[in-house]
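**Q** Take this structure first; my questions come after.
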Amino acid sequence: MADTHDTRQLDLDAYLARTEWSGERRADLATLRSLHRAHMYGIPFENLQPLLGSAPSLDLTDLQHKLVGSPRGGYCYEHNTLFAAVLSVFGFGVTGLSARVRVGADPGQPRPRTHMLLLVDVPGEDGPYIADVGFGAGGALVEPAPLVTDTEFTGGNRRHRYMHEPHNGPLELWVFQTHEDGVWKDQYAFTLEPCEAPDFEVFNWHVGANPRSPFTRMLYAQRSSEDRRLILRRRILVEAHADGTRTKRELSDGAEVLRVLAEDFGIVLPEDIRLPDSAL
């Protein structure tokens, strides 16, 4: 995955300015953690492009224009493809993986592999880490996590762990869980089978263009900071704070949705663009 894109296309200075990251550019665990956190807090999650009729481009130049050079965000394939290129330039080893999302699924309900995450080799560390700056759910990683089982770890006031689960396949199945409301909840499941750029192009088309995909039918945006998380699903706006308090309200119409996206999420569409009513 590290060689999926020609990283010479990457404007690293512009990316670091967008995420407000500064420090010594070296490949170590502290740097990986700070880069991950800066990306999570600096670039929002959103699926506006599929709602407007097309799957987003995963070309690195296009990703930089949208996520770095514009007041926009993206979803998992965009975020993690860009982040993989950044990590590669820093000197980390990066492998793209795919996962089956379990949030919202019934127990035992099979789902396709529609999520992208990254396996990162960190110089000087005994084992790999999982980095994932593109999971649009409340249980998303704020910082990378070591790929070990039965060990709880925290980051950004969130509790996580990885578990093994039996399945029909030659590779071990890893299940990523988040602790919410007093219980451990599955977020997604994956193996360590590497994926290449053509795989993600196919997954990206399904998620971003297939009329059966929820991302082509419903607005979803998320913006995280150190002390709160904003979630917009259709016209329902949820604000969750680090102390556990939550507020929820319904926005009045499409005009208010666009205003909230711009003012609170940092997502601005051209003035002549309107989101379809069916997505709201």
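Identifiers in the structure tokens: chain A, B, ... in order shown; residue index from 1 per chain; ligand index from 1 in order shown.
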From the DSSP assignment of the backbone, select every residue of stretch 78-255 of chain A that is helix (DSSP H, G or I), and format the answer as a ChimeraX atom specification.

**A** /A:78-90,197-209,214-216,254-255

**Q** Write the residues of the selection above to a file with N, CA, C and O atoms, as a short mmCIF file (atom, residue, chain, number, x, y, z; two decimals), in the first residue's frame.

**A**
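Writing the result to again22.cif gives the following:
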```cif
data_model
loop_
_atom_site.label_atom_id
_atom_site.label_comp_id
_atom_site.auth_asym_id
_atom_site.auth_seq_id
_atom_site.Cartn_x
_atom_site.Cartn_y
_atom_site.Cartn_z
N GLU A 78 -10.97 8.03 1.14
CA GLU A 78 -10.27 9.29 0.92
C GLU A 78 -9.30 9.58 2.06
O GLU A 78 -8.11 9.85 1.85
N HIS A 79 -9.80 9.53 3.29
CA HIS A 79 -8.97 9.84 4.44
C HIS A 79 -7.77 8.91 4.55
O HIS A 79 -6.62 9.35 4.70
N ASN A 80 -8.03 7.62 4.48
CA ASN A 80 -6.94 6.67 4.73
C ASN A 80 -5.99 6.53 3.55
O ASN A 80 -4.81 6.21 3.75
N THR A 81 -6.44 6.77 2.33
CA THR A 81 -5.51 6.80 1.20
C THR A 81 -4.55 7.98 1.34
O THR A 81 -3.33 7.85 1.14
N LEU A 82 -5.09 9.14 1.70
CA LEU A 82 -4.23 10.31 1.91
C LEU A 82 -3.29 10.09 3.09
O LEU A 82 -2.08 10.38 3.00
N PHE A 83 -3.81 9.54 4.18
CA PHE A 83 -2.99 9.35 5.37
C PHE A 83 -1.89 8.32 5.11
O PHE A 83 -0.77 8.46 5.61
N ALA A 84 -2.20 7.30 4.32
CA ALA A 84 -1.18 6.29 3.97
C ALA A 84 -0.02 6.94 3.23
O ALA A 84 1.15 6.61 3.47
N ALA A 85 -0.32 7.86 2.32
CA ALA A 85 0.74 8.55 1.59
C ALA A 85 1.59 9.40 2.53
O ALA A 85 2.83 9.43 2.43
N VAL A 86 0.95 10.08 3.48
CA VAL A 86 1.68 10.89 4.45
C VAL A 86 2.61 10.02 5.29
O VAL A 86 3.79 10.31 5.48
N LEU A 87 2.07 8.91 5.79
CA LEU A 87 2.89 8.02 6.63
C LEU A 87 4.07 7.44 5.85
O LEU A 87 5.17 7.28 6.39
N SER A 88 3.83 7.13 4.59
CA SER A 88 4.91 6.59 3.76
C SER A 88 6.05 7.59 3.62
O SER A 88 7.23 7.23 3.69
N VAL A 89 5.70 8.86 3.40
CA VAL A 89 6.72 9.89 3.28
C VAL A 89 7.50 10.04 4.58
O VAL A 89 8.72 10.29 4.58
N PHE A 90 6.84 9.87 5.71
CA PHE A 90 7.51 9.95 7.01
C PHE A 90 8.44 8.77 7.25
O PHE A 90 9.30 8.83 8.13
N ALA A 197 -4.53 -0.85 -4.45
CA ALA A 197 -5.32 0.27 -4.95
C ALA A 197 -6.52 -0.18 -5.80
O ALA A 197 -7.62 0.38 -5.64
N PRO A 198 -6.38 -1.16 -6.73
CA PRO A 198 -7.56 -1.57 -7.50
C PRO A 198 -8.69 -2.13 -6.64
O PRO A 198 -9.87 -1.96 -6.97
N ASP A 199 -8.34 -2.80 -5.53
CA ASP A 199 -9.37 -3.29 -4.62
C ASP A 199 -10.17 -2.13 -4.04
O ASP A 199 -11.41 -2.15 -4.01
N PHE A 200 -9.47 -1.11 -3.59
CA PHE A 200 -10.15 0.03 -2.99
C PHE A 200 -10.95 0.83 -4.01
O PHE A 200 -11.97 1.44 -3.68
N GLU A 201 -10.50 0.84 -5.27
CA GLU A 201 -11.29 1.50 -6.31
C GLU A 201 -12.64 0.82 -6.47
O GLU A 201 -13.68 1.48 -6.62
N VAL A 202 -12.65 -0.53 -6.42
CA VAL A 202 -13.91 -1.27 -6.53
C VAL A 202 -14.79 -1.01 -5.30
O VAL A 202 -15.99 -0.72 -5.43
N PHE A 203 -14.21 -1.11 -4.11
CA PHE A 203 -14.97 -0.85 -2.88
C PHE A 203 -15.53 0.58 -2.90
O PHE A 203 -16.68 0.81 -2.52
N ASN A 204 -14.70 1.51 -3.32
CA ASN A 204 -15.09 2.92 -3.34
C ASN A 204 -16.28 3.14 -4.28
O ASN A 204 -17.20 3.91 -3.97
N TRP A 205 -16.26 2.47 -5.43
CA TRP A 205 -17.40 2.64 -6.35
C TRP A 205 -18.68 2.11 -5.71
O TRP A 205 -19.74 2.74 -5.80
N HIS A 206 -18.60 0.97 -5.07
CA HIS A 206 -19.80 0.40 -4.45
C HIS A 206 -20.35 1.35 -3.38
O HIS A 206 -21.56 1.63 -3.34
N VAL A 207 -19.50 1.86 -2.51
CA VAL A 207 -19.95 2.72 -1.43
C VAL A 207 -20.42 4.08 -1.95
O VAL A 207 -21.41 4.63 -1.48
N GLY A 208 -19.71 4.61 -2.97
CA GLY A 208 -19.97 5.97 -3.41
C GLY A 208 -20.88 6.12 -4.61
O GLY A 208 -21.28 7.25 -4.93
N ALA A 209 -21.24 5.02 -5.28
CA ALA A 209 -22.07 5.15 -6.48
C ALA A 209 -23.23 4.17 -6.55
O ALA A 209 -24.21 4.44 -7.24
N PRO A 214 -25.98 3.06 1.57
CA PRO A 214 -26.54 4.14 2.40
C PRO A 214 -25.83 5.47 2.20
O PRO A 214 -26.42 6.53 2.42
N PHE A 215 -24.57 5.45 1.75
CA PHE A 215 -23.83 6.69 1.54
C PHE A 215 -24.31 7.46 0.32
O PHE A 215 -23.96 8.63 0.16
N THR A 216 -25.05 6.83 -0.56
CA THR A 216 -25.61 7.55 -1.71
C THR A 216 -27.03 8.04 -1.43
O THR A 216 -27.63 8.70 -2.29
N GLY A 254 -32.93 22.32 4.50
CA GLY A 254 -31.66 22.19 3.80
C GLY A 254 -30.76 23.39 3.97
O GLY A 254 -29.53 23.25 4.03
N ALA A 255 -31.34 24.58 4.05
CA ALA A 255 -30.54 25.79 4.21
C ALA A 255 -29.81 25.78 5.55
O ALA A 255 -28.63 26.14 5.64
#
```

**Q** Sorted by chain and rising residue number, which residues of stretch 111-149 of chain A lie within 12 Å of stretch 165-175 of chain A, and what are their closest atom pairs and distances in Å to one decimal, counting only C-alpha atoms, as a tab-separated table?

**A**
```
residue	atom	partner	partner_atom	distance
A:Ile130	CA	A:Trp174	CA	11.3
A:Leu147	CA	A:Trp174	CA	9.0
A:Val148	CA	A:Trp174	CA	9.4
A:Thr149	CA	A:Trp174	CA	8.4
```

**Q** With stretch 226-236 of chain A as the partner and 12 Å as the cut-off, tabulate the residues of stretch 102-204 of chain A that qualify, each row holding the nearest pair of atoms and their distance in Å to one decimal, using only C-alpha atoms, sorted by chain and rising number, as CSV.

**A**
```
residue,atom,partner,partner_atom,distance
A:Gly136,CA,A:Ile231,CA,9.0
A:Ala137,CA,A:Ile231,CA,8.6
A:Gly138,CA,A:Arg229,CA,8.0
A:Gly139,CA,A:Arg229,CA,10.8
A:Ala140,CA,A:Arg229,CA,10.9
A:Val142,CA,A:Glu226,CA,9.3
A:Glu143,CA,A:Glu226,CA,11.6
A:Gly155,CA,A:Glu226,CA,10.2
A:Gly156,CA,A:Glu226,CA,6.6
A:Asn157,CA,A:Glu226,CA,8.5
A:Arg158,CA,A:Glu226,CA,11.0
```

**Q** Pull all heavy atoms from the residues just selected and write them as a short mmCIF file (atom, residue, chain, number, x, y, z; two decimals), in the first residue's frame.

**A**
```
data_model
loop_
_atom_site.label_atom_id
_atom_site.label_comp_id
_atom_site.auth_asym_id
_atom_site.auth_seq_id
_atom_site.Cartn_x
_atom_site.Cartn_y
_atom_site.Cartn_z
N GLY A 136 -16.33 6.74 10.20
CA GLY A 136 -17.33 7.75 10.54
C GLY A 136 -18.32 7.27 11.58
O GLY A 136 -19.52 7.27 11.35
N ALA A 137 -17.84 6.85 12.74
CA ALA A 137 -18.70 6.40 13.82
C ALA A 137 -18.14 6.90 15.13
O ALA A 137 -16.96 7.24 15.24
CB ALA A 137 -18.81 4.87 13.82
N GLY A 138 -18.99 6.91 16.15
CA GLY A 138 -18.58 7.44 17.44
C GLY A 138 -17.47 6.66 18.10
O GLY A 138 -16.75 7.19 18.94
N GLY A 139 -17.29 5.39 17.70
CA GLY A 139 -16.25 4.57 18.28
C GLY A 139 -14.94 4.61 17.54
O GLY A 139 -14.08 3.74 17.75
N ALA A 140 -14.75 5.58 16.67
CA ALA A 140 -13.54 5.65 15.85
C ALA A 140 -12.29 5.88 16.70
O ALA A 140 -12.34 6.48 17.78
CB ALA A 140 -13.68 6.78 14.83
N VAL A 142 -9.09 7.69 17.84
CA VAL A 142 -8.49 9.02 17.80
C VAL A 142 -6.98 8.90 17.62
O VAL A 142 -6.36 9.70 16.93
CB VAL A 142 -8.82 9.81 19.09
CG1 VAL A 142 -8.06 11.14 19.12
CG2 VAL A 142 -10.32 10.07 19.18
N GLU A 143 -6.41 7.86 18.23
CA GLU A 143 -4.99 7.58 18.09
C GLU A 143 -4.82 6.14 17.60
O GLU A 143 -5.71 5.30 17.79
CB GLU A 143 -4.27 7.75 19.43
CG GLU A 143 -4.30 9.17 19.97
CD GLU A 143 -3.52 9.30 21.27
OE1 GLU A 143 -3.03 8.26 21.77
OE2 GLU A 143 -3.40 10.43 21.78
N GLY A 155 -7.79 6.42 24.05
CA GLY A 155 -7.29 7.51 23.23
C GLY A 155 -8.42 8.48 22.97
O GLY A 155 -9.51 8.07 22.55
N GLY A 156 -8.21 9.76 23.26
CA GLY A 156 -9.26 10.73 23.04
C GLY A 156 -10.51 10.45 23.85
O GLY A 156 -11.64 10.61 23.35
N ASN A 157 -10.36 10.00 25.10
CA ASN A 157 -11.48 9.69 25.99
C ASN A 157 -12.34 8.53 25.49
O ASN A 157 -13.50 8.40 25.89
CB ASN A 157 -12.37 10.92 26.20
CG ASN A 157 -11.62 12.08 26.82
OD1 ASN A 157 -11.01 11.94 27.87
ND2 ASN A 157 -11.64 13.23 26.15
N ARG A 158 -11.78 7.68 24.64
CA ARG A 158 -12.51 6.51 24.14
C ARG A 158 -11.76 5.24 24.52
O ARG A 158 -10.52 5.22 24.53
CB ARG A 158 -12.67 6.59 22.62
CG ARG A 158 -13.37 7.86 22.16
CD ARG A 158 -13.47 7.95 20.65
NE ARG A 158 -13.90 9.28 20.23
CZ ARG A 158 -14.08 9.66 18.95
NH1 ARG A 158 -13.86 8.78 17.99
NH2 ARG A 158 -14.46 10.88 18.67
#
```

**Q** So the first atom is atom CA of A:Glu196 and the second is atom CA of A:Leu63; what is the distance between them in Å, to one decimal place?

**A** 17.3 Å

**Q** Could you tell me, as a PyMOL selection string, which residues of stretch 20-268 of chain A DSSP assigns to strand (DSSP E) when given the backbone?

**A** chain A and resi 45-46+93-101+113-121+129-131+145-146+153-155+158-165+173-180+183-190+220-224+228-233+236-241+246-250

**Q** I'd like a table as a tab-separated table: residues in stretch 163-280 of chain A with an atom no more than 8 Å from stretch 33-49 of chain A, each row giving the shortest atom pair and its distance in Å to one decimal, only C-alpha atoms counted, sorted by chain and rising residue number.

**A**
```
residue	atom	partner	partner_atom	distance
A:Gly208	CA	A:Gln49	CA	7.7
A:Phe215	CA	A:Asn47	CA	6.3
A:Thr216	CA	A:Asn47	CA	7.9
A:Leu219	CA	A:Asn47	CA	6.6
A:Tyr220	CA	A:Glu46	CA	5.8
A:Ala221	CA	A:Glu46	CA	4.3
A:Gln222	CA	A:Phe45	CA	5.0
A:Arg223	CA	A:Pro44	CA	4.9
A:Ser224	CA	A:Tyr41	CA	5.3
A:Ser225	CA	A:Tyr41	CA	5.1
A:Glu226	CA	A:Tyr41	CA	7.5
A:Phe265	CA	A:Pro44	CA	6.7
A:Gly266	CA	A:Pro44	CA	7.4
A:Ile267	CA	A:Pro44	CA	7.6
A:Leu275	CA	A:Leu48	CA	7.9
```

**Q** Write a file of the selected residues as a PDB file, in the first residue's frame, keeping N, CA and C atoms.

**A**
```
ATOM      1  N   GLY A 208     -19.707   4.608  -2.972  1.00  0.00           N
ATOM      2  CA  GLY A 208     -19.971   5.970  -3.408  1.00  0.00           C
ATOM      3  C   GLY A 208     -20.881   6.122  -4.607  1.00  0.00           C
ATOM      4  N   PHE A 215     -24.568   5.446   1.745  1.00  0.00           N
ATOM      5  CA  PHE A 215     -23.834   6.690   1.542  1.00  0.00           C
ATOM      6  C   PHE A 215     -24.309   7.458   0.318  1.00  0.00           C
ATOM      7  N   THR A 216     -25.053   6.831  -0.555  1.00  0.00           N
ATOM      8  CA  THR A 216     -25.614   7.546  -1.708  1.00  0.00           C
ATOM      9  C   THR A 216     -27.028   8.045  -1.431  1.00  0.00           C
ATOM     10  N   LEU A 219     -27.375  11.847   4.153  1.00  0.00           N
ATOM     11  CA  LEU A 219     -26.289  12.718   4.596  1.00  0.00           C
ATOM     12  C   LEU A 219     -25.700  12.223   5.907  1.00  0.00           C
ATOM     13  N   TYR A 220     -24.359  12.196   5.954  1.00  0.00           N
ATOM     14  CA  TYR A 220     -23.682  11.882   7.201  1.00  0.00           C
ATOM     15  C   TYR A 220     -22.395  12.692   7.275  1.00  0.00           C
ATOM     16  N   ALA A 221     -22.204  13.379   8.398  1.00  0.00           N
ATOM     17  CA  ALA A 221     -20.973  14.152   8.612  1.00  0.00           C
ATOM     18  C   ALA A 221     -20.577  14.034  10.076  1.00  0.00           C
ATOM     19  N   GLN A 222     -19.265  14.108  10.316  1.00  0.00           N
ATOM     20  CA  GLN A 222     -18.757  14.029  11.685  1.00  0.00           C
ATOM     21  C   GLN A 222     -17.532  14.913  11.811  1.00  0.00           C
ATOM     22  N   ARG A 223     -17.417  15.591  12.946  1.00  0.00           N
ATOM     23  CA  ARG A 223     -16.247  16.426  13.225  1.00  0.00           C
ATOM     24  C   ARG A 223     -15.848  16.216  14.684  1.00  0.00           C
ATOM     25  N   SER A 224     -14.615  15.844  14.912  1.00  0.00           N
ATOM     26  CA  SER A 224     -14.133  15.572  16.260  1.00  0.00           C
ATOM     27  C   SER A 224     -13.148  16.645  16.704  1.00  0.00           C
ATOM     28  N   SER A 225     -13.162  16.905  17.995  1.00  0.00           N
ATOM     29  CA  SER A 225     -12.151  17.750  18.624  1.00  0.00           C
ATOM     30  C   SER A 225     -11.802  17.100  19.956  1.00  0.00           C
ATOM     31  N   GLU A 226     -10.925  17.727  20.698  1.00  0.00           N
ATOM     32  CA  GLU A 226     -10.454  17.108  21.928  1.00  0.00           C
ATOM     33  C   GLU A 226     -11.569  16.934  22.950  1.00  0.00           C
ATOM     34  N   PHE A 265     -18.915  22.340  11.077  1.00  0.00           N
ATOM     35  CA  PHE A 265     -18.113  21.222  10.589  1.00  0.00           C
ATOM     36  C   PHE A 265     -16.957  21.671   9.698  1.00  0.00           C
ATOM     37  N   GLY A 266     -16.979  22.912   9.223  1.00  0.00           N
ATOM     38  CA  GLY A 266     -15.942  23.372   8.313  1.00  0.00           C
ATOM     39  C   GLY A 266     -16.065  22.765   6.932  1.00  0.00           C
ATOM     40  N   ILE A 267     -17.298  22.448   6.521  1.00  0.00           N
ATOM     41  CA  ILE A 267     -17.563  21.845   5.209  1.00  0.00           C
ATOM     42  C   ILE A 267     -18.388  22.831   4.398  1.00  0.00           C
ATOM     43  N   LEU A 275     -28.056  20.005  -1.696  1.00  0.00           N
ATOM     44  CA  LEU A 275     -28.172  18.590  -1.422  1.00  0.00           C
ATOM     45  C   LEU A 275     -29.578  18.105  -1.728  1.00  0.00           C
TER      46      LEU A 275
END
```

**Q** Counting only C-alpha atoms, which of A:Thr247, A:Ser213, A:Ser98, A:Ser278 gets nearest to A:Ala55?

**A**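 For A:Ala55, the nearest of the given residues is A:Ser213.
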
**Q** Could you give me, as a list in words, the residues within 8 Å of A:Phe135, counting only C-alpha atoms and dropping anything in the same chain fewer than 5 positions from it?

**A** Tyr75, Cys76, His115, Ala140 and Leu141 of chain A

**Q** For the atom pair atom CA of A:Arg159 and atom CA of A:Pro112, what is the interatomic distance in Å to one decimal place?

**A** 25.8 Å

**Q** Mind giving me the straight-line distance from atom CA of A:Arg212 to atom CA of A:Val133 in Å, one decimal?

**A**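 Taking atom CA of A:Arg212 and atom CA of A:Val133, their separation equals 24.7 Å.
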
**Q** Out of A:Ala242, A:Val122, A:Leu258, A:Leu12, which residue has the shortest atom-to-atom distance to A:Asp272 when counting only C-alpha atoms?

**A**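 Of A:Ala242, A:Val122, A:Leu258, A:Leu12, the one nearest A:Asp272 is A:Leu258, counting only C-alpha atoms.
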